[in-house]
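K.L.:
My structure is below; once you've seen it, I'll send some questions.
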Amino acid sequence: MAIDASRFAGKPWWQMPLATAAIRHADGAQRPGKGEHGGECQRIACDQGNARWFNQTNARYYCATCARTFNDISRRHGQAPLCELQL
Ligand SMILES: [Zn+2]
């Protein structure tokens, strides 16, 4: 279902349908708590909570799914894992 994002112009993201919020989010708005320990995953395209995987290159936290993706890429390039779990 297509959503007309202009209907929600000027409204805070929590009043938007999820898809519209995702568009706004992808435009670069940083939600409160995003990328913080136990908060929402730092990755723009991801809204998973409980972000506990620390990326030392930008000092932000990611969810397990995204951290695994990054670490798989690091491993493929023979590098140390990018993210490490911090409970
Ligand atoms: Zn994520």
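Here, A, B, ... name the chains of the structure tokens in the order displayed, residue numbers run from 1 inside each chain, and ligands are numbered from 1 in the same displayed order.
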Residues up to 9 Å from ligand 1, counting only C-alpha atoms and all ligand atoms: could you list those as a PyMOL selection string?
P.N.:
chain A and resi 40-49+51+61-67
K.L.:
Could you save the residues just selected, with N, CA and C atoms, as a short mmCIF file (atom, residue, chain, number, x, y, z; two decimals), in the first residue's frame?
P.N.:
data_model
loop_
_atom_site.label_atom_id
_atom_site.label_comp_id
_atom_site.auth_asym_id
_atom_site.auth_seq_id
_atom_site.Cartn_x
_atom_site.Cartn_y
_atom_site.Cartn_z
N GLU A 40 17.56 1.83 20.11
CA GLU A 40 17.27 1.35 18.76
C GLU A 40 18.57 1.24 17.97
N CYS A 41 18.63 0.24 17.11
CA CYS A 41 19.81 0.01 16.26
C CYS A 41 20.19 1.29 15.49
N GLN A 42 21.49 1.55 15.41
CA GLN A 42 21.98 2.77 14.74
C GLN A 42 21.73 2.78 13.25
N ARG A 43 21.67 1.62 12.62
CA ARG A 43 21.54 1.56 11.16
C ARG A 43 20.25 2.24 10.73
N ILE A 44 20.35 3.13 9.76
CA ILE A 44 19.21 3.93 9.33
C ILE A 44 18.05 3.06 8.88
N ALA A 45 18.36 2.00 8.15
CA ALA A 45 17.31 1.16 7.58
C ALA A 45 16.75 0.16 8.59
N CYS A 46 17.16 0.24 9.84
CA CYS A 46 16.76 -0.74 10.85
C CYS A 46 16.12 -0.04 12.04
N ASP A 47 15.03 -0.62 12.57
CA ASP A 47 14.41 -0.01 13.75
C ASP A 47 14.30 -1.01 14.91
N GLN A 48 15.15 -2.03 14.90
CA GLN A 48 15.13 -3.00 15.99
C GLN A 48 15.67 -2.36 17.27
N GLY A 49 15.06 -2.76 18.39
CA GLY A 49 15.50 -2.27 19.69
C GLY A 49 16.58 -3.17 20.28
N ALA A 51 19.68 -2.61 21.11
CA ALA A 51 20.96 -2.53 20.41
C ALA A 51 22.09 -2.64 21.44
N TYR A 61 25.73 1.79 18.80
CA TYR A 61 25.28 0.43 19.05
C TYR A 61 24.31 -0.05 17.97
N TYR A 62 24.42 -1.36 17.68
CA TYR A 62 23.61 -1.99 16.63
C TYR A 62 22.90 -3.23 17.19
N CYS A 63 21.83 -3.63 16.52
CA CYS A 63 21.12 -4.85 16.90
C CYS A 63 21.96 -6.06 16.49
N ALA A 64 21.58 -7.23 17.00
CA ALA A 64 22.35 -8.45 16.73
C ALA A 64 22.36 -8.77 15.24
N THR A 65 21.25 -8.54 14.56
CA THR A 65 21.16 -8.88 13.13
C THR A 65 22.13 -8.04 12.31
N CYS A 66 22.13 -6.73 12.53
CA CYS A 66 23.02 -5.84 11.77
C CYS A 66 24.47 -6.09 12.15
N ALA A 67 24.73 -6.29 13.45
CA ALA A 67 26.10 -6.53 13.90
C ALA A 67 26.66 -7.79 13.25
#
K.L.:
In Å, how far is it from CA of Gln86 (chain A) to CA of His37 (chain A)?
P.N.:
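Pair CA of Gln86 (chain A) / CA of His37 (chain A) returns 8.3 Å.
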K.L.:
Do you have the CA of Gly39 (chain A)-CA of Arg76 (chain A) distance handy?
P.N.:
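Separating CA of Gly39 (chain A) from CA of Arg76 (chain A) is a distance of 28.2 Å.
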K.L.:
Residues near Phe54 (chain A), anyone? I mean within 6 Å using only C-alpha atoms, not counting same-chain ones fewer than 6 positions away, as number ranges by chain.
P.N.:
A: 60-61, 83-84
K.L.:
Tell me, in Å to one decimal, how far CA of Ser74 (chain A) is from CA of Asn50 (chain A).
P.N.:
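Separation between CA of Ser74 (chain A) and CA of Asn50 (chain A): 22.4 Å.
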